[in-house]
Amino acid sequence: MIADLDRAAGWLSVDLGIAFDVVVSGPVGTEALHIMDAEQGGQCGPVVSDPDTGWWYWLVPPGTADRWCHEFGVGVGARHRMPLPPRDLVRPPGPYWARPLGDDRLVPPSALRRMLHQLQPVPSPHRALAAHLDPDRRAAAAGRARPYAPAAINPYSEGYHR
């Protein structure tokens, strides 16, 4: 669970929908980074890559998840949390910053949409994320009611991977 992350290791759990939302895509590789770098005139906004799942987490402006609908990416925003790797974690093993988190830019949703349409990364994370992000479905399957609490994106928990 998110709360169990080792803070001494520099991981930080953040509420989505405040400073940014996240679009999760399937494996896109460095070609996607080059496309997005060119789109943003240098280095694209922050991206976390998880080589274990093949998923890429694109940090986009808050509110993007509410409007996001794309077959090659899933928007996740308010009412969810996400662990972020330490800023200096920039290569595998494990999740790392493919493009670092900065103070001045996020990934533009329109450019991300075009790039995902162009590269069509598969497998798409839709099914795995839907099962993980719907806490009512998980609680019902376990035979218990769920009190309201923000769901957590925890790609490091059992059953979350593709």
# chains A, B, ... in the order shown; residues from 1 in each chain; ligands from 1
$ closest_atom_pairs --of "region 25-80 of chain A" --to "region 120-129 of chain A" --cutoff "10 Å" --atoms "only C-alpha atoms" --output "CSV"
residue,atom,partner,partner_atom,distance
A:Ser25,CA,A:Pro125,CA,6.3
A:Gly26,CA,A:Ser124,CA,5.0
A:Pro27,CA,A:Pro121,CA,5.6
A:Val28,CA,A:Pro121,CA,5.6
A:Gly29,CA,A:Pro121,CA,9.2
A:Ala32,CA,A:Pro121,CA,9.8
A:Thr53,CA,A:Pro125,CA,9.4
A:Gly54,CA,A:Pro123,CA,8.8
A:Trp55,CA,A:Pro125,CA,7.4
A:Trp56,CA,A:Pro125,CA,9.7
A:His70,CA,A:His126,CA,9.8
A:Glu71,CA,A:Ser124,CA,7.4
A:Phe72,CA,A:Ser124,CA,5.5
A:Gly73,CA,A:Ser124,CA,6.7
A:Val74,CA,A:His126,CA,6.1
A:Gly75,CA,A:His126,CA,9.6
A:Val76,CA,A:Leu129,CA,9.3
$ select_by_dssp --residues "region 12-145 of chain A" --states "alpha helix (DSSP H)" --output "VMD selection string"
chain A and resid 29 to 39 64 to 67 109 to 119 126 to 133 135 to 141
$ closest_residue --among "A:Pro83, A:Pro92, A:Gly102, A:Pro61" --to "Phe20 (chain A)" --atoms "only C-alpha atoms"
A:Pro61
$ residues_around --residues "region 94-100 of chain A" --least-positions-apart "6" --cutoff "7 Å" --atoms "only C-alpha atoms" --output "ChimeraX atom specification"
/A:44-52,85,87
$ closest_residue --among "A:Asp37, A:Asp104, A:Asp88, A:Asp66" --to "Gly17 (chain A)" --atoms "only C-alpha atoms"
A:Asp66
$ residues_around --residues "Leu59 (chain A)" --least-positions-apart "2" --cutoff "6 Å" --atoms "only C-alpha atoms" --output "list in words"
Asp21, Val22, Pro46, Leu106 and Val107 of chain A
$ closest_residue --among "A:Val23, A:Leu101, A:Leu12, A:Ala130" --to "Trp58 (chain A)" --atoms "only C-alpha atoms"
A:Val23
$ atom_distance --atom1 "CA of Met82 (chain A)" --atom2 "CA of Val14 (chain A)"
5.5 Å
$ select_by_dssp --residues "region 1-86 of chain A" --states "strand (DSSP E or B)" --output "short mmCIF file (atom, residue, chain, number, x, y, z; two decimals) with N, CA and C atoms, in the first residue's frame"
data_model
loop_
_atom_site.label_atom_id
_atom_site.label_comp_id
_atom_site.auth_asym_id
_atom_site.auth_seq_id
_atom_site.Cartn_x
_atom_site.Cartn_y
_atom_site.Cartn_z
N LEU A 12 7.72 9.51 -2.39
CA LEU A 12 6.73 10.44 -1.90
C LEU A 12 5.37 10.06 -2.46
N SER A 13 4.36 9.98 -1.62
CA SER A 13 3.00 9.71 -2.05
C SER A 13 2.28 11.04 -2.22
N VAL A 14 1.72 11.27 -3.41
CA VAL A 14 1.06 12.55 -3.68
C VAL A 14 -0.40 12.34 -4.07
N ASP A 15 -1.23 13.32 -3.70
CA ASP A 15 -2.63 13.33 -4.14
C ASP A 15 -2.66 13.85 -5.56
N ASP A 21 -2.34 15.62 -12.81
CA ASP A 21 -2.99 14.33 -13.00
C ASP A 21 -1.95 13.45 -13.68
N VAL A 22 -2.32 12.21 -13.95
CA VAL A 22 -1.41 11.29 -14.63
C VAL A 22 -2.16 10.60 -15.76
N VAL A 23 -1.50 10.44 -16.90
CA VAL A 23 -1.99 9.57 -17.96
C VAL A 23 -1.05 8.39 -18.00
N VAL A 24 -1.60 7.19 -17.87
CA VAL A 24 -0.81 5.96 -17.86
C VAL A 24 -0.93 5.32 -19.23
N SER A 25 0.22 5.02 -19.83
CA SER A 25 0.21 4.37 -21.15
C SER A 25 0.98 3.06 -21.07
N VAL A 47 7.94 12.42 -16.69
CA VAL A 47 7.45 11.09 -17.05
C VAL A 47 8.15 10.07 -16.16
N VAL A 48 7.37 9.17 -15.59
CA VAL A 48 7.93 8.05 -14.82
C VAL A 48 7.75 6.79 -15.65
N SER A 49 8.80 6.02 -15.79
CA SER A 49 8.75 4.75 -16.51
C SER A 49 8.89 3.61 -15.51
N ASP A 50 8.07 2.59 -15.67
CA ASP A 50 8.17 1.40 -14.84
C ASP A 50 8.52 0.22 -15.72
N TRP A 55 4.67 0.19 -18.13
CA TRP A 55 3.81 1.38 -18.12
C TRP A 55 4.63 2.65 -17.99
N TRP A 56 4.08 3.71 -18.59
CA TRP A 56 4.66 5.05 -18.52
C TRP A 56 3.62 5.96 -17.88
N TYR A 57 4.04 6.79 -16.95
CA TYR A 57 3.18 7.70 -16.21
C TYR A 57 3.52 9.13 -16.62
N TRP A 58 2.66 9.75 -17.40
CA TRP A 58 2.87 11.08 -17.95
C TRP A 58 2.17 12.08 -17.03
N LEU A 59 2.89 13.01 -16.42
CA LEU A 59 2.30 14.00 -15.53
C LEU A 59 1.74 15.14 -16.36
N VAL A 60 0.44 15.30 -16.27
CA VAL A 60 -0.30 16.27 -17.09
C VAL A 60 -1.01 17.28 -16.17
N HIS A 70 -8.97 7.96 -24.34
CA HIS A 70 -8.05 7.55 -25.40
C HIS A 70 -7.79 6.06 -25.25
N GLY A 73 -4.23 5.22 -23.52
CA GLY A 73 -3.81 5.83 -22.25
C GLY A 73 -4.99 6.02 -21.32
N VAL A 74 -4.74 5.91 -20.03
CA VAL A 74 -5.78 6.06 -19.02
C VAL A 74 -5.47 7.29 -18.17
N GLY A 75 -6.43 8.19 -18.03
CA GLY A 75 -6.27 9.37 -17.20
C GLY A 75 -6.67 9.06 -15.76
N VAL A 76 -5.84 9.47 -14.82
CA VAL A 76 -6.10 9.26 -13.40
C VAL A 76 -5.87 10.59 -12.69
N HIS A 80 -7.30 10.05 -6.14
CA HIS A 80 -6.29 9.00 -6.24
C HIS A 80 -4.95 9.53 -5.76
N ARG A 81 -4.10 8.61 -5.36
CA ARG A 81 -2.74 8.94 -4.91
C ARG A 81 -1.76 8.15 -5.76
N MET A 82 -0.54 8.66 -5.82
CA MET A 82 0.51 7.97 -6.60
C MET A 82 1.84 8.13 -5.91
N PRO A 83 2.62 7.03 -5.85
CA PRO A 83 3.99 7.16 -5.33
C PRO A 83 4.90 7.72 -6.42
N LEU A 84 5.74 8.65 -6.04
CA LEU A 84 6.72 9.19 -6.97
C LEU A 84 8.11 8.78 -6.52
#
$ closest_residue --among "A:Cys69, A:Gly10, A:Thr30, A:Gly63" --to "Leu119 (chain A)" --atoms "only C-alpha atoms"
A:Thr30
